[in-house]
Amino acid sequence: MSSTNSSGKSHENLLSPRPKCRTEPIPVEVGYHFNRATAQTRIKPLESQNRVHTYGTESSLAAVESISSVQTERQLLKNMIVLGLGFVFTFSALTSLQSMQSSLFLETILGLHSLSVFYGLAAFSCLYGPIFVQKLTPNWTVVLAFVLVALYISTFFYPRPYTVIPSAVLLGLSFGPLFCAQTTFLMQLVSRMAYLTNGIRDKVQQRYLRLFYFFYNSSRIWGHLVTALLLRYGGDVYVFSTRPQYPRFHATGPHFPMLDLHMSPSLYATVARPSLCTLDHITEDRIFRSPASYVFYVPSNLYLMLISTYLGLAFLGLAIVTTLLDKFDLYVSQDPLERPPILLSFRKVVLSLIDPQLRLMFPMVLFIGYQQGFMIADFTRSYVSCALGLEAIGYTMLCMAAMTTLGSIAAHQFFKHIKRMTIMFATVVCHTGLLMVLWLWTPVRDDVAVFYVIAAGWGLCNAVWETLTTTYLATSFTYDWQAPFAVYFMAQCIGLTTAFTFSPIFVNDIKICLMAGLMVFALIPYTVLEIRLHRQQKLQDRAADL
């Protein structure tokens, strides 16, 4: 009898309507969130508090709450813009310097060695990135990483292995924590905005991700634009095609020895010959790259102008983040019986490495990093600079960066009307065509338009790949971005390290074949991931219709 009554009560409870709450509590992030008391005292104006005490009515209280909500929303948007501007200036300098290194240091290959060390250690630093952010706070993590970016750029005033490599080591060790701090900021801003506006979290996070990655991708545009203009109007860049034609130098310059400009002009050529671009193709079963038979000479005044401009941009980004970015007070709500927060953060990263979804995505992110490294190291050296000259690197990479920025914006709009699988297969066709062009085409100076078509098409494909993977990651791990994004950046850095390591070893044909094989290998598990997402969205649509 008692069981019958209890079952009847349980059925009544199930059938009775539940009281609706105005807002549902949304966790800010796993382990991190705002200190509400500190945030309110910092953001809420004093006048609104006095107004509450003066009137004390419900209407005035509601008005004050709405005013405080709007002010907090503006404060969060301001922090988003400040963080984006800091990344724009700092990464404008860093990405521009990366694009020049494979062509500037053709003999010593110092630039590629430093990039290999830098991204290799960056992949390792993603393991302890969340721990570093938790101990140092996101603000100081970003500031420290930006300081080390400025230090790395400053070592190129005197580019030697004992100056550049140690700074690359320090920067690599701080790059993983920098990406984790960036993710932490985005998580906090999205969570607070969704809580204040009572909006759907997915839409809020997509809007903020689009805004931040617009800033991040546009940094490549401004940096390469500065490089192109300086190399165009700053002075002549000379190319020596063979060793016997080197003139005598005076050992006074910071980068290369100072050239005696009173020597015969016939000893230098202002443009590289088209035959210089055939050195990286397979001939007579040769798969290893031979030493470069030409070298670029950048006059000391132009070289100092370049490095000084890069350093100024890095310091400007550092100043913006240091002075304008609000300090977030983070604390970890920890049960005494649970693990310490440091071990818990490290455990989340390790568990993300074996997560089934991330394992299927890992090869695709690896391919994204590898193809980006190929364009930075090999396309600039073996296609652009050897045919069009060093000053053309800025323009071609500017074209690629512009298409990456515009393509990421367009991809978000296409996802609303076109299926993700359709966009993915269209990108595969486009990227396959670009690889075939690079395999069959021998670059010459007369085919100027082809260089920009390749760069624009590659930037568009890169934008689609990045947008597909980041949006899937953000929607699959809605409330815990930090560890999954740490694994994402780790895979991308591994791909970049592989590209920079292979660049001085193998000829281009071998690297193109490796890139094509990696794309095929990455598409198989990633297609399975997209099919699962498509089925999940279908089930959600049916549930919404019911």
# chains A, B, ... in the order shown; residues from 1 in each chain; ligands from 1
$ residues_around --residues "stretch 122-126 of chain A" --least-positions-apart "2" --cutoff "10 Å" --atoms "only C-alpha atoms" --output "ChimeraX atom specification"
/A:116-120,128-132,168-180,349,483,485-497
$ residues_around --residues "A:Asn301" --least-positions-apart "4" --cutoff "9 Å" --atoms "only C-alpha atoms" --output "number ranges by chain"
A: 234-235, 253, 305-306
$ residues_around --residues "A:Ser308" --least-positions-apart "4" --cutoff "10 Å" --atoms "only C-alpha atoms" --output "list of chain:residue names"
A:Ala93, A:Ile153, A:Ser154, A:Phe156, A:Phe157, A:Leu302, A:Tyr303, A:Leu304, A:Gly312, A:Leu313, A:Ala314
$ residues_around --residues "A:Thr108" --least-positions-apart "4" --cutoff "12 Å" --atoms "only C-alpha atoms" --output "PyMOL selection string"
chain A and resi 101-104+112-114+159-161+256+291-292+295+504
$ residues_around --residues "A:Phe414" --least-positions-apart "5" --cutoff "12 Å" --atoms "only C-alpha atoms" --output "number ranges by chain"
A: 407-409, 419-424, 464, 467-468
$ closest_residue --among "A:Gln371, A:Ala150, A:Gln536, A:Leu438" --to "A:Ser476" --atoms "only C-alpha atoms"
A:Gln536
$ atom_distance --atom1 "atom CA of A:Thr163" --atom2 "atom CA of A:Thr322"
26.5 Å
$ decode --residues "stretch 90-103 of chain A" --atoms "all heavy atoms" --output "short mmCIF file (atom, residue, chain, number, x, y, z; two decimals), in the first residue's frame"
data_model
loop_
_atom_site.label_atom_id
_atom_site.label_comp_id
_atom_site.auth_asym_id
_atom_site.auth_seq_id
_atom_site.Cartn_x
_atom_site.Cartn_y
_atom_site.Cartn_z
N THR A 90 51.32 42.68 -31.22
CA THR A 90 52.43 41.77 -30.90
C THR A 90 52.62 40.71 -31.98
O THR A 90 53.74 40.44 -32.41
CB THR A 90 52.16 41.10 -29.54
OG1 THR A 90 51.97 42.10 -28.54
CG2 THR A 90 53.34 40.23 -29.14
N PHE A 91 51.53 40.11 -32.43
CA PHE A 91 51.66 39.05 -33.43
C PHE A 91 51.88 39.60 -34.84
O PHE A 91 52.30 38.86 -35.72
CB PHE A 91 50.43 38.15 -33.39
CG PHE A 91 50.51 37.10 -32.32
CD1 PHE A 91 50.25 37.42 -31.00
CD2 PHE A 91 50.88 35.81 -32.63
CE1 PHE A 91 50.34 36.47 -30.00
CE2 PHE A 91 50.97 34.85 -31.64
CZ PHE A 91 50.70 35.17 -30.32
N SER A 92 51.60 40.89 -35.07
CA SER A 92 52.01 41.50 -36.33
C SER A 92 53.52 41.45 -36.48
O SER A 92 54.05 41.12 -37.55
CB SER A 92 51.52 42.95 -36.40
OG SER A 92 50.12 43.02 -36.43
N ALA A 93 54.21 41.77 -35.40
CA ALA A 93 55.67 41.72 -35.43
C ALA A 93 56.19 40.29 -35.53
O ALA A 93 57.10 40.00 -36.32
CB ALA A 93 56.23 42.40 -34.18
N LEU A 94 55.62 39.39 -34.77
CA LEU A 94 56.13 38.02 -34.72
C LEU A 94 55.89 37.28 -36.03
O LEU A 94 56.80 36.62 -36.56
CB LEU A 94 55.48 37.27 -33.56
CG LEU A 94 56.00 35.85 -33.29
CD1 LEU A 94 57.48 35.87 -32.97
CD2 LEU A 94 55.22 35.20 -32.16
N THR A 95 54.69 37.36 -36.59
CA THR A 95 54.41 36.64 -37.83
C THR A 95 55.20 37.20 -39.01
O THR A 95 55.63 36.45 -39.89
CB THR A 95 52.90 36.69 -38.14
OG1 THR A 95 52.47 38.06 -38.16
CG2 THR A 95 52.11 35.93 -37.10
N SER A 96 55.40 38.51 -39.05
CA SER A 96 56.19 39.09 -40.14
C SER A 96 57.64 38.64 -40.07
O SER A 96 58.26 38.32 -41.10
CB SER A 96 56.11 40.62 -40.07
OG SER A 96 54.78 41.05 -40.15
N LEU A 97 58.19 38.60 -38.87
CA LEU A 97 59.57 38.14 -38.72
C LEU A 97 59.70 36.67 -39.09
O LEU A 97 60.70 36.26 -39.70
CB LEU A 97 60.02 38.37 -37.28
CG LEU A 97 61.47 38.01 -36.95
CD1 LEU A 97 62.44 38.84 -37.78
CD2 LEU A 97 61.74 38.21 -35.46
N GLN A 98 58.71 35.86 -38.76
CA GLN A 98 58.75 34.44 -39.13
C GLN A 98 58.78 34.26 -40.65
O GLN A 98 59.52 33.41 -41.15
CB GLN A 98 57.52 33.73 -38.56
CG GLN A 98 57.54 33.51 -37.07
CD GLN A 98 56.27 32.86 -36.58
OE1 GLN A 98 55.33 32.65 -37.34
NE2 GLN A 98 56.22 32.55 -35.30
N SER A 99 58.01 35.04 -41.37
CA SER A 99 57.95 34.88 -42.82
C SER A 99 59.25 35.25 -43.50
O SER A 99 59.53 34.76 -44.61
CB SER A 99 56.81 35.74 -43.39
OG SER A 99 55.57 35.38 -42.84
N MET A 100 60.06 36.08 -42.87
CA MET A 100 61.30 36.52 -43.49
C MET A 100 62.49 35.61 -43.17
O MET A 100 63.50 35.66 -43.87
CB MET A 100 61.64 37.94 -43.01
CG MET A 100 60.58 38.98 -43.32
SD MET A 100 60.45 39.30 -45.08
CE MET A 100 62.05 40.00 -45.41
N GLN A 101 62.39 34.77 -42.16
CA GLN A 101 63.57 34.10 -41.64
C GLN A 101 64.14 33.06 -42.59
O GLN A 101 65.36 32.88 -42.66
CB GLN A 101 63.26 33.45 -40.29
CG GLN A 101 63.08 34.48 -39.20
CD GLN A 101 63.05 33.86 -37.83
OE1 GLN A 101 63.69 32.86 -37.57
NE2 GLN A 101 62.31 34.46 -36.92
N SER A 102 63.30 32.34 -43.32
CA SER A 102 63.83 31.31 -44.21
C SER A 102 64.58 31.90 -45.39
O SER A 102 65.45 31.24 -45.97
CB SER A 102 62.68 30.43 -44.73
OG SER A 102 61.76 31.21 -45.48
N SER A 103 64.27 33.14 -45.78
CA SER A 103 64.97 33.78 -46.90
C SER A 103 66.15 34.62 -46.45
O SER A 103 67.11 34.80 -47.22
CB SER A 103 63.98 34.66 -47.69
OG SER A 103 62.94 33.90 -48.25
#
